[in-house]
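**Student:** File final-v7.pdb below, PDB, C-alpha atoms:
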```
ATOM      1  CA  HIS Z   1       0.000   0.000   0.000  1.00  0.00           C
ATOM      2  CA  TRP Z   2       1.979   2.965  -1.297  1.00  0.00           C
ATOM      3  CA  PHE Z   3      -0.174   5.640   0.357  1.00  0.00           C
ATOM      4  CA  GLY Z   4      -1.103   3.474   3.327  1.00  0.00           C
ATOM      5  CA  ASN Z   5      -4.542   2.586   4.642  1.00  0.00           C
ATOM      6  CA  ASP Z   6      -7.298   4.639   6.189  1.00  0.00           C
ATOM      7  CA  ASP Z   7      -8.889   3.955   9.579  1.00  0.00           C
ATOM      8  CA  VAL Z   8     -11.082   1.200   8.158  1.00  0.00           C
ATOM      9  CA  GLY Z   9      -8.196  -0.512   6.331  1.00  0.00           C
ATOM     10  CA  ARG Z  10      -8.977   0.550   2.747  1.00  0.00           C
ATOM     11  CA  ASP Z  11      -6.138   1.370   0.352  1.00  0.00           C
ATOM     12  CA  ILE Z  12      -5.834   5.150  -0.041  1.00  0.00           C
ATOM     13  CA  LEU Z  13      -4.139   5.050  -3.477  1.00  0.00           C
ATOM     14  CA  SER Z  14      -6.946   3.026  -5.040  1.00  0.00           C
ATOM     15  CA  ARG Z  15      -9.534   5.393  -3.578  1.00  0.00           C
ATOM     16  CA  ILE Z  16      -7.657   8.410  -4.976  1.00  0.00           C
ATOM     17  CA  LEU Z  17      -7.427   6.836  -8.431  1.00  0.00           C
ATOM     18  CA  SER Z  18     -11.115   5.948  -8.368  1.00  0.00           C
ATOM     19  CA  GLY Z  19     -12.061   9.503  -7.423  1.00  0.00           C
ATOM     20  CA  ALA Z  20      -9.724  10.969 -10.037  1.00  0.00           C
ATOM     21  CA  ARG Z  21     -11.436   8.966 -12.761  1.00  0.00           C
ATOM     22  CA  THR Z  22     -14.789  10.550 -11.909  1.00  0.00           C
ATOM     23  CA  SER Z  23     -13.334  14.046 -11.594  1.00  0.00           C
ATOM     24  CA  LEU Z  24     -11.420  13.869 -14.873  1.00  0.00           C
ATOM     25  CA  ALA Z  25     -14.452  12.532 -16.730  1.00  0.00           C
ATOM     26  CA  GLY Z  26     -16.521  15.342 -15.252  1.00  0.00           C
ATOM     27  CA  SER Z  27     -13.970  17.940 -16.325  1.00  0.00           C
ATOM     28  CA  PHE Z  28     -14.006  16.664 -19.902  1.00  0.00           C
ATOM     29  CA  ILE Z  29     -17.821  16.668 -19.956  1.00  0.00           C
ATOM     30  CA  ALA Z  30     -17.837  20.263 -18.703  1.00  0.00           C
ATOM     31  CA  GLY Z  31     -15.228  21.171 -21.317  1.00  0.00           C
ATOM     32  CA  PHE Z  32     -17.267  19.687 -24.144  1.00  0.00           C
ATOM     33  CA  VAL Z  33     -20.397  21.481 -22.915  1.00  0.00           C
ATOM     34  CA  ALA Z  34     -18.437  24.746 -22.905  1.00  0.00           C
ATOM     35  CA  LEU Z  35     -17.217  24.043 -26.442  1.00  0.00           C
ATOM     36  CA  ALA Z  36     -20.710  23.163 -27.648  1.00  0.00           C
ATOM     37  CA  ILE Z  37     -22.092  26.442 -26.315  1.00  0.00           C
ATOM     38  CA  GLY Z  38     -19.177  28.852 -26.709  1.00  0.00           C
ATOM     39  CA  VAL Z  39     -17.887  27.945 -30.169  1.00  0.00           C
ATOM     40  CA  PRO Z  40     -21.137  28.569 -32.108  1.00  0.00           C
ATOM     41  CA  ILE Z  41     -21.779  31.827 -30.268  1.00  0.00           C
ATOM     42  CA  GLY Z  42     -18.244  33.109 -30.858  1.00  0.00           C
ATOM     43  CA  LEU Z  43     -18.177  31.950 -34.465  1.00  0.00           C
ATOM     44  CA  ILE Z  44     -21.489  33.579 -35.342  1.00  0.00           C
ATOM     45  CA  ALA Z  45     -20.637  36.805 -33.502  1.00  0.00           C
ATOM     46  CA  GLY Z  46     -17.193  37.066 -35.082  1.00  0.00           C
ATOM     47  CA  SER Z  47     -18.239  36.139 -38.598  1.00  0.00           C
ATOM     48  CA  VAL Z  48     -21.525  38.023 -38.956  1.00  0.00           C
ATOM     49  CA  GLY Z  49     -20.721  41.188 -36.976  1.00  0.00           C
ATOM     50  CA  GLY Z  50     -23.134  44.100 -36.714  1.00  0.00           C
ATOM     51  CA  TRP Z  51     -26.116  43.939 -34.394  1.00  0.00           C
ATOM     52  CA  VAL Z  52     -25.873  40.131 -34.115  1.00  0.00           C
ATOM     53  CA  ASP Z  53     -22.367  40.484 -32.708  1.00  0.00           C
ATOM     54  CA  SER Z  54     -23.482  43.212 -30.307  1.00  0.00           C
ATOM     55  CA  ALA Z  55     -26.474  41.231 -29.035  1.00  0.00           C
ATOM     56  CA  LEU Z  56     -24.550  37.999 -28.524  1.00  0.00           C
ATOM     57  CA  MET Z  57     -21.645  39.721 -26.825  1.00  0.00           C
ATOM     58  CA  ARG Z  58     -23.955  41.567 -24.422  1.00  0.00           C
ATOM     59  CA  VAL Z  59     -25.280  38.180 -23.252  1.00  0.00           C
ATOM     60  CA  VAL Z  60     -21.708  36.901 -22.953  1.00  0.00           C
ATOM     61  CA  ASP Z  61     -20.706  40.036 -21.005  1.00  0.00           C
ATOM     62  CA  ALA Z  62     -23.615  39.518 -18.617  1.00  0.00           C
ATOM     63  CA  MET Z  63     -22.450  35.951 -17.974  1.00  0.00           C
ATOM     64  CA  LEU Z  64     -18.836  37.085 -17.526  1.00  0.00           C
ATOM     65  CA  ALA Z  65     -19.966  39.586 -14.881  1.00  0.00           C
ATOM     66  CA  PHE Z  66     -20.457  36.674 -12.471  1.00  0.00           C
ATOM     67  CA  PRO Z  67     -17.566  34.528 -11.271  1.00  0.00           C
ATOM     68  CA  ALA Z  68     -17.759  31.104 -12.919  1.00  0.00           C
ATOM     69  CA  VAL Z  69     -18.055  29.113  -9.698  1.00  0.00           C
ATOM     70  CA  ILE Z  70     -20.810  31.390  -8.359  1.00  0.00           C
ATOM     71  CA  LEU Z  71     -22.722  31.081 -11.640  1.00  0.00           C
ATOM     72  CA  ALA Z  72     -22.284  27.292 -11.545  1.00  0.00           C
ATOM     73  CA  MET Z  73     -23.513  27.229  -7.940  1.00  0.00           C
ATOM     74  CA  ALA Z  74     -26.618  29.177  -8.924  1.00  0.00           C
ATOM     75  CA  ILE Z  75     -27.367  26.832 -11.821  1.00  0.00           C
ATOM     76  CA  VAL Z  76     -26.810  23.684  -9.736  1.00  0.00           C
ATOM     77  CA  GLY Z  77     -28.848  25.160  -6.907  1.00  0.00           C
ATOM     78  CA  SER Z  78     -31.779  25.723  -9.241  1.00  0.00           C
ATOM     79  CA  LEU Z  79     -31.531  22.363 -11.057  1.00  0.00           C
ATOM     80  CA  GLY Z  80     -30.604  20.186  -8.083  1.00  0.00           C
ATOM     81  CA  PRO Z  81     -27.349  18.564  -6.997  1.00  0.00           C
ATOM     82  CA  GLY Z  82     -25.676  15.797  -8.951  1.00  0.00           C
ATOM     83  CA  ILE Z  83     -22.676  15.139 -11.155  1.00  0.00           C
ATOM     84  CA  GLU Z  84     -24.589  15.686 -14.411  1.00  0.00           C
ATOM     85  CA  THR Z  85     -26.034  19.037 -13.398  1.00  0.00           C
ATOM     86  CA  ALA Z  86     -22.704  20.139 -11.913  1.00  0.00           C
ATOM     87  CA  MET Z  87     -20.826  19.419 -15.148  1.00  0.00           C
ATOM     88  CA  PHE Z  88     -23.543  21.072 -17.227  1.00  0.00           C
ATOM     89  CA  ALA Z  89     -23.436  24.139 -14.955  1.00  0.00           C
ATOM     90  CA  ILE Z  90     -19.634  24.362 -15.060  1.00  0.00           C
ATOM     91  CA  GLY Z  91     -19.732  24.068 -18.856  1.00  0.00           C
ATOM     92  CA  ILE Z  92     -22.256  26.894 -19.080  1.00  0.00           C
ATOM     93  CA  ALA Z  93     -20.218  29.019 -16.677  1.00  0.00           C
ATOM     94  CA  TYR Z  94     -16.991  28.646 -18.687  1.00  0.00           C
ATOM     95  CA  SER Z  95     -18.518  28.891 -22.189  1.00  0.00           C
ATOM     96  CA  PRO Z  96     -18.439  32.738 -22.348  1.00  0.00           C
ATOM     97  CA  ARG Z  97     -14.639  32.687 -22.162  1.00  0.00           C
ATOM     98  CA  LEU Z  98     -14.447  30.445 -25.210  1.00  0.00           C
ATOM     99  CA  ALA Z  99     -17.078  32.507 -27.032  1.00  0.00           C
ATOM    100  CA  ARG Z 100     -15.189  35.741 -26.438  1.00  0.00           C
ATOM    101  CA  LEU Z 101     -11.879  34.223 -27.554  1.00  0.00           C
ATOM    102  CA  LEU Z 102     -13.329  32.648 -30.700  1.00  0.00           C
ATOM    103  CA  ARG Z 103     -15.082  35.905 -31.590  1.00  0.00           C
ATOM    104  CA  VAL Z 104     -11.770  37.771 -31.556  1.00  0.00           C
ATOM    105  CA  GLN Z 105     -10.053  35.057 -33.582  1.00  0.00           C
ATOM    106  CA  ALA Z 106     -12.909  34.850 -36.098  1.00  0.00           C
ATOM    107  CA  ARG Z 107     -12.933  38.623 -36.607  1.00  0.00           C
ATOM    108  CA  SER Z 108      -9.195  38.514 -37.241  1.00  0.00           C
ATOM    109  CA  VAL Z 109      -9.469  35.649 -39.728  1.00  0.00           C
ATOM    110  CA  ALA Z 110     -12.537  37.103 -41.482  1.00  0.00           C
ATOM    111  CA  THR Z 111     -10.488  40.039 -42.776  1.00  0.00           C
ATOM    112  CA  ARG Z 112      -7.893  37.873 -44.534  1.00  0.00           C
ATOM    113  CA  PRO Z 113      -7.806  37.516 -48.322  1.00  0.00           C
ATOM    114  CA  PHE Z 114      -8.464  33.759 -48.413  1.00  0.00           C
ATOM    115  CA  VAL Z 115     -11.840  34.301 -46.707  1.00  0.00           C
ATOM    116  CA  GLU Z 116     -12.796  36.846 -49.344  1.00  0.00           C
ATOM    117  CA  ALA Z 117     -11.658  34.377 -52.019  1.00  0.00           C
ATOM    118  CA  ALA Z 118     -13.916  31.719 -50.521  1.00  0.00           C
ATOM    119  CA  ARG Z 119     -16.853  34.128 -50.595  1.00  0.00           C
ATOM    120  CA  LEU Z 120     -16.136  35.131 -54.193  1.00  0.00           C
ATOM    121  CA  SER Z 121     -15.912  31.478 -55.243  1.00  0.00           C
ATOM    122  CA  GLY Z 122     -19.612  31.124 -54.426  1.00  0.00           C
ATOM    123  CA  MET Z 123     -19.408  29.474 -51.029  1.00  0.00           C
ATOM    124  CA  SER Z 124     -22.385  30.227 -48.790  1.00  0.00           C
ATOM    125  CA  ALA Z 125     -21.984  32.273 -45.612  1.00  0.00           C
ATOM    126  CA  PRO Z 126     -22.431  29.241 -43.304  1.00  0.00           C
ATOM    127  CA  GLY Z 127     -19.971  27.310 -45.465  1.00  0.00           C
ATOM    128  CA  VAL Z 128     -17.387  30.072 -45.161  1.00  0.00           C
ATOM    129  CA  MET Z 129     -17.885  30.138 -41.389  1.00  0.00           C
ATOM    130  CA  ILE Z 130     -17.581  26.376 -40.920  1.00  0.00           C
ATOM    131  CA  LYS Z 131     -15.042  25.439 -43.603  1.00  0.00           C
ATOM    132  CA  VAL Z 132     -12.779  28.488 -43.682  1.00  0.00           C
ATOM    133  CA  ILE Z 133     -13.061  30.688 -40.603  1.00  0.00           C
ATOM    134  CA  LEU Z 134     -13.556  28.012 -37.911  1.00  0.00           C
ATOM    135  CA  PRO Z 135     -10.514  25.824 -38.710  1.00  0.00           C
ATOM    136  CA  ASN Z 136      -8.257  28.876 -38.908  1.00  0.00           C
ATOM    137  CA  SER Z 137      -9.559  30.269 -35.594  1.00  0.00           C
ATOM    138  CA  MET Z 138      -9.418  27.194 -33.361  1.00  0.00           C
ATOM    139  CA  ARG Z 139      -5.746  27.156 -32.286  1.00  0.00           C
ATOM    140  CA  ALA Z 140      -6.152  29.614 -29.411  1.00  0.00           C
ATOM    141  CA  VAL Z 141      -9.487  28.069 -28.452  1.00  0.00           C
ATOM    142  CA  VAL Z 142      -7.935  24.603 -28.115  1.00  0.00           C
ATOM    143  CA  VAL Z 143      -5.209  25.972 -25.838  1.00  0.00           C
ATOM    144  CA  GLN Z 144      -7.787  27.834 -23.740  1.00  0.00           C
ATOM    145  CA  TRP Z 145      -9.933  24.690 -23.585  1.00  0.00           C
ATOM    146  CA  PHE Z 146      -7.114  22.646 -22.079  1.00  0.00           C
ATOM    147  CA  VAL Z 147      -6.441  25.361 -19.499  1.00  0.00           C
ATOM    148  CA  MET Z 148     -10.163  25.502 -18.766  1.00  0.00           C
ATOM    149  CA  LEU Z 149     -10.195  21.760 -18.008  1.00  0.00           C
ATOM    150  CA  SER Z 150      -8.062  22.385 -14.935  1.00  0.00           C
ATOM    151  CA  PHE Z 151     -10.410  25.133 -13.766  1.00  0.00           C
ATOM    152  CA  ALA Z 152     -13.379  22.834 -14.360  1.00  0.00           C
ATOM    153  CA  PHE Z 153     -11.632  20.187 -12.245  1.00  0.00           C
ATOM    154  CA  LEU Z 154     -11.251  22.693  -9.397  1.00  0.00           C
ATOM    155  CA  ALA Z 155     -14.805  23.986  -9.790  1.00  0.00           C
ATOM    156  CA  GLU Z 156     -16.147  20.434  -9.632  1.00  0.00           C
ATOM    157  CA  ALA Z 157     -14.167  19.834  -6.447  1.00  0.00           C
ATOM    158  CA  GLY Z 158     -15.560  23.041  -4.965  1.00  0.00           C
ATOM    159  CA  LEU Z 159     -19.126  22.137  -5.861  1.00  0.00           C
ATOM    160  CA  SER Z 160     -18.648  18.661  -4.411  1.00  0.00           C
ATOM    161  CA  PHE Z 161     -17.292  20.190  -1.210  1.00  0.00           C
ATOM    162  CA  LEU Z 162     -20.508  22.229  -0.980  1.00  0.00           C
ATOM    163  CA  ARG Z 163     -22.516  19.026  -1.631  1.00  0.00           C
ATOM    164  CA  LEU Z 164     -23.694  20.283  -5.032  1.00  0.00           C
ATOM    165  CA  GLY Z 165     -21.590  17.930  -7.160  1.00  0.00           C
ATOM    166  CA  VAL Z 166     -20.486  14.330  -6.771  1.00  0.00           C
ATOM    167  CA  PRO Z 167     -22.073  12.780  -3.675  1.00  0.00           C
TER     168      PRO Z 167
END
```
Can you turn what I pasted into structure tokens?
**Tutor:**
Amino acid sequence: HWFGNDDVGRDILSRILSGARTSLAGSFIAGFVALAIGVPIGLIAGSVGGWVDSALMRVVDAMLAFPAVILAMAIVGSLGPGIETAMFAIGIAYSPRLARLLRVQARSVATRPFVEAARLSGMSAPGVMIKVILPNSMRAVVVQWFVMLSFAFLAEAGLSFLRLGVP
């Protein structure tokens, strides 16, 4: 027993590894929820611009006004405790950061000549967004997503400590 035994005689290392499996899976679920919400919002806001960009970013700004853990606590408190609701809430709480980052990247890529060439070749606006702008904007989002996984891990631990996450 590398980490020893607890008072009842159970192996501490195996209990840590078992708990880590649940926490890591929860972090990845929260990360994918954040991607599923943040990427479309950021892509649409950055590609379309105008009043659509302003409206979407005002919603994102309102969500960013609250700390992520407090927002997740409010969502879990309203939906009820549990691992599924905690991961969904953490994903919602961290999605504005991805949306804001992808918006900036998409606006930068949308001004490049190869995007204009894709538009002039007859590609539809959704096709340009998905096939041209999105792949060229995702590098920073992927890096931010991996950093966000560690914050989701900590947020899940905090929610579980408050008895709003994993029982």
**Student:** Using only C-alpha atoms, find the one residue out of Z:Ile16, Z:Ile70, Z:Ala110, Z:Leu35 that sits nearest to Ala125 (chain Z).
**Tutor:**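 Looking only at the distances to Ala125 (chain Z), the closest residue turns out to be Z:Ala110.
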**Student:** Quick one: everything within 10 Å of Leu98 (chain Z), counting only C-alpha atoms, minus sequence neighbours fewer than 3 positions away in the same chain. Send it as JSON, numbers by chain.
**Tutor:** {"Z": [34, 35, 36, 37, 38, 39, 40, 41, 42, 60, 94, 95, 101, 102, 103, 140, 141, 142, 144, 145, 148]}
**Student:** Which is closest to Arg100 (chain Z) among Z:Asp53, Z:Glu84, Z:Glu156, Z:Asp11, if we use only C-alpha atoms?
**Tutor:**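 Of Z:Asp53, Z:Glu84, Z:Glu156, Z:Asp11, the one nearest Arg100 (chain Z), counting only C-alpha atoms, is Z:Asp53.
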**Student:** Closest to Ser150 (chain Z) among Z:Ile44, Z:Ile12, Z:Ile90, Z:Asp6, using all atoms listed in the file?
**Tutor:**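 Among Z:Ile44, Z:Ile12, Z:Ile90, Z:Asp6, it is Z:Ile90 that comes nearest to Ser150 (chain Z).
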**Student:** If you measure from CA of Ala30 (chain Z) to CA of Ala152 (chain Z), what distance in Å do you get, rounded to one decimal?
**Tutor:**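 Interatomic distance, CA of Ala30 (chain Z) to CA of Ala152 (chain Z): 6.7 Å.
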**Student:** Any chance you could work out the residue set of the PyMOL selection byres ((chain Z and resi 134-136) around 9) here, as a list in words?
**Tutor:**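 Listing what the PyMOL selection byres ((chain Z and resi 134-136) around 9) selects in the shown file: Val39, Leu43, Leu102, Gln105, Ala106, Val109, Val128, Met129, Ile130, Lys131, Val132, Ile133, Ser137, Met138 and Arg139 of chain Z.
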**Student:** From the options Z:Arg107, Z:Phe153, Z:Ser14, Z:Pro67, which residue's atoms come nearest to Ala45 (chain Z), counting only C-alpha atoms?
**Tutor:**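 Going through Z:Arg107, Z:Phe153, Z:Ser14, Z:Pro67 one by one, the smallest distance to Ala45 (chain Z) is for Z:Arg107.
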**Student:** Which one of Z:Ser18, Z:Gly127, Z:Ser47, Z:Ser121 sits closest to Ser108 (chain Z) if you count all atoms listed in the file?
**Tutor:**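 Answer, going by the shortest atom-to-atom distance: Z:Ser47.
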**Student:** I want to know what sits within 10 Å of Ser160 (chain Z), based on only C-alpha atoms, with residues of the same chain fewer than 4 positions away left out; could you give that as a list in words?
**Tutor:**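 Listing them by chain and then by number gives Pro81, Gly82, Ile83, Ala86, Leu154, Ala155, Glu156, Leu164, Gly165, Val166 and Pro167 of chain Z.
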**Student:** Mind rebuilding region 151-162 of chain Z with all heavy atoms and writing that out as a PDB file, in the frame of the given file?
**Tutor:**
```
ATOM      1  N   PHE Z 151      -9.478  24.333 -14.556  1.00  0.00           N
ATOM      2  CA  PHE Z 151     -10.410  25.133 -13.766  1.00  0.00           C
ATOM      3  C   PHE Z 151     -11.721  24.392 -13.542  1.00  0.00           C
ATOM      4  O   PHE Z 151     -12.342  24.519 -12.485  1.00  0.00           O
ATOM      5  CB  PHE Z 151     -10.663  26.481 -14.449  1.00  0.00           C
ATOM      6  CG  PHE Z 151      -9.484  27.389 -14.411  1.00  0.00           C
ATOM      7  CD1 PHE Z 151      -8.911  27.842 -15.579  1.00  0.00           C
ATOM      8  CD2 PHE Z 151      -8.938  27.802 -13.207  1.00  0.00           C
ATOM      9  CE1 PHE Z 151      -7.815  28.679 -15.550  1.00  0.00           C
ATOM     10  CE2 PHE Z 151      -7.846  28.647 -13.159  1.00  0.00           C
ATOM     11  CZ  PHE Z 151      -7.283  29.087 -14.339  1.00  0.00           C
ATOM     12  N   ALA Z 152     -12.161  23.631 -14.531  1.00  0.00           N
ATOM     13  CA  ALA Z 152     -13.379  22.834 -14.360  1.00  0.00           C
ATOM     14  C   ALA Z 152     -13.162  21.762 -13.301  1.00  0.00           C
ATOM     15  O   ALA Z 152     -14.076  21.459 -12.519  1.00  0.00           O
ATOM     16  CB  ALA Z 152     -13.783  22.206 -15.689  1.00  0.00           C
ATOM     17  N   PHE Z 153     -11.971  21.182 -13.263  1.00  0.00           N
ATOM     18  CA  PHE Z 153     -11.632  20.187 -12.245  1.00  0.00           C
ATOM     19  C   PHE Z 153     -11.738  20.800 -10.852  1.00  0.00           C
ATOM     20  O   PHE Z 153     -12.324  20.215  -9.937  1.00  0.00           O
ATOM     21  CB  PHE Z 153     -10.215  19.669 -12.506  1.00  0.00           C
ATOM     22  CG  PHE Z 153      -9.818  18.499 -11.678  1.00  0.00           C
ATOM     23  CD1 PHE Z 153     -10.087  17.214 -12.098  1.00  0.00           C
ATOM     24  CD2 PHE Z 153      -9.160  18.676 -10.477  1.00  0.00           C
ATOM     25  CE1 PHE Z 153      -9.704  16.127 -11.348  1.00  0.00           C
ATOM     26  CE2 PHE Z 153      -8.776  17.603  -9.710  1.00  0.00           C
ATOM     27  CZ  PHE Z 153      -9.054  16.314 -10.154  1.00  0.00           C
ATOM     28  N   LEU Z 154     -11.188  22.010 -10.694  1.00  0.00           N
ATOM     29  CA  LEU Z 154     -11.251  22.693  -9.397  1.00  0.00           C
ATOM     30  C   LEU Z 154     -12.678  23.122  -9.053  1.00  0.00           C
ATOM     31  O   LEU Z 154     -13.089  23.044  -7.892  1.00  0.00           O
ATOM     32  CB  LEU Z 154     -10.325  23.905  -9.399  1.00  0.00           C
ATOM     33  CG  LEU Z 154      -8.833  23.596  -9.427  1.00  0.00           C
ATOM     34  CD1 LEU Z 154      -8.033  24.874  -9.603  1.00  0.00           C
ATOM     35  CD2 LEU Z 154      -8.424  22.869  -8.168  1.00  0.00           C
ATOM     36  N   ALA Z 155     -13.427  23.577 -10.039  1.00  0.00           N
ATOM     37  CA  ALA Z 155     -14.805  23.986  -9.790  1.00  0.00           C
ATOM     38  C   ALA Z 155     -15.659  22.789  -9.370  1.00  0.00           C
ATOM     39  O   ALA Z 155     -16.504  22.902  -8.479  1.00  0.00           O
ATOM     40  CB  ALA Z 155     -15.399  24.646 -11.032  1.00  0.00           C
ATOM     41  N   GLU Z 156     -15.404  21.645 -10.000  1.00  0.00           N
ATOM     42  CA  GLU Z 156     -16.147  20.434  -9.632  1.00  0.00           C
ATOM     43  C   GLU Z 156     -15.814  20.025  -8.205  1.00  0.00           C
ATOM     44  O   GLU Z 156     -16.690  19.621  -7.434  1.00  0.00           O
ATOM     45  CB  GLU Z 156     -15.802  19.310 -10.612  1.00  0.00           C
ATOM     46  CG  GLU Z 156     -16.613  18.062 -10.435  1.00  0.00           C
ATOM     47  CD  GLU Z 156     -15.958  17.084  -9.510  1.00  0.00           C
ATOM     48  OE1 GLU Z 156     -14.728  17.016  -9.475  1.00  0.00           O
ATOM     49  OE2 GLU Z 156     -16.698  16.390  -8.784  1.00  0.00           O
ATOM     50  N   ALA Z 157     -14.556  20.150  -7.816  1.00  0.00           N
ATOM     51  CA  ALA Z 157     -14.167  19.834  -6.447  1.00  0.00           C
ATOM     52  C   ALA Z 157     -14.826  20.795  -5.460  1.00  0.00           C
ATOM     53  O   ALA Z 157     -15.280  20.383  -4.382  1.00  0.00           O
ATOM     54  CB  ALA Z 157     -12.653  19.882  -6.304  1.00  0.00           C
ATOM     55  N   GLY Z 158     -14.897  22.059  -5.828  1.00  0.00           N
ATOM     56  CA  GLY Z 158     -15.560  23.041  -4.965  1.00  0.00           C
ATOM     57  C   GLY Z 158     -17.046  22.773  -4.829  1.00  0.00           C
ATOM     58  O   GLY Z 158     -17.602  22.871  -3.724  1.00  0.00           O
ATOM     59  N   LEU Z 159     -17.699  22.452  -5.927  1.00  0.00           N
ATOM     60  CA  LEU Z 159     -19.126  22.137  -5.861  1.00  0.00           C
ATOM     61  C   LEU Z 159     -19.380  20.876  -5.058  1.00  0.00           C
ATOM     62  O   LEU Z 159     -20.366  20.773  -4.330  1.00  0.00           O
ATOM     63  CB  LEU Z 159     -19.708  22.014  -7.267  1.00  0.00           C
ATOM     64  CG  LEU Z 159     -19.842  23.311  -8.061  1.00  0.00           C
ATOM     65  CD1 LEU Z 159     -20.342  23.009  -9.468  1.00  0.00           C
ATOM     66  CD2 LEU Z 159     -20.772  24.278  -7.372  1.00  0.00           C
ATOM     67  N   SER Z 160     -18.492  19.896  -5.187  1.00  0.00           N
ATOM     68  CA  SER Z 160     -18.648  18.661  -4.411  1.00  0.00           C
ATOM     69  C   SER Z 160     -18.429  18.925  -2.934  1.00  0.00           C
ATOM     70  O   SER Z 160     -19.092  18.328  -2.094  1.00  0.00           O
ATOM     71  CB  SER Z 160     -17.672  17.603  -4.903  1.00  0.00           C
ATOM     72  OG  SER Z 160     -17.988  17.213  -6.208  1.00  0.00           O
ATOM     73  N   PHE Z 161     -17.510  19.829  -2.606  1.00  0.00           N
ATOM     74  CA  PHE Z 161     -17.292  20.190  -1.210  1.00  0.00           C
ATOM     75  C   PHE Z 161     -18.548  20.825  -0.616  1.00  0.00           C
ATOM     76  O   PHE Z 161     -18.872  20.614   0.549  1.00  0.00           O
ATOM     77  CB  PHE Z 161     -16.112  21.138  -1.098  1.00  0.00           C
ATOM     78  CG  PHE Z 161     -15.849  21.617   0.312  1.00  0.00           C
ATOM     79  CD1 PHE Z 161     -15.253  20.774   1.222  1.00  0.00           C
ATOM     80  CD2 PHE Z 161     -16.200  22.892   0.685  1.00  0.00           C
ATOM     81  CE1 PHE Z 161     -15.022  21.200   2.518  1.00  0.00           C
ATOM     82  CE2 PHE Z 161     -15.965  23.324   1.968  1.00  0.00           C
ATOM     83  CZ  PHE Z 161     -15.381  22.486   2.894  1.00  0.00           C
ATOM     84  N   LEU Z 162     -19.266  21.590  -1.433  1.00  0.00           N
ATOM     85  CA  LEU Z 162     -20.508  22.229  -0.980  1.00  0.00           C
ATOM     86  C   LEU Z 162     -21.725  21.317  -1.115  1.00  0.00           C
ATOM     87  O   LEU Z 162     -22.844  21.760  -0.961  1.00  0.00           O
ATOM     88  CB  LEU Z 162     -20.738  23.507  -1.789  1.00  0.00           C
ATOM     89  CG  LEU Z 162     -19.676  24.587  -1.604  1.00  0.00           C
ATOM     90  CD1 LEU Z 162     -19.902  25.722  -2.582  1.00  0.00           C
ATOM     91  CD2 LEU Z 162     -19.684  25.095  -0.175  1.00  0.00           C
TER      92      LEU Z 162
END
```
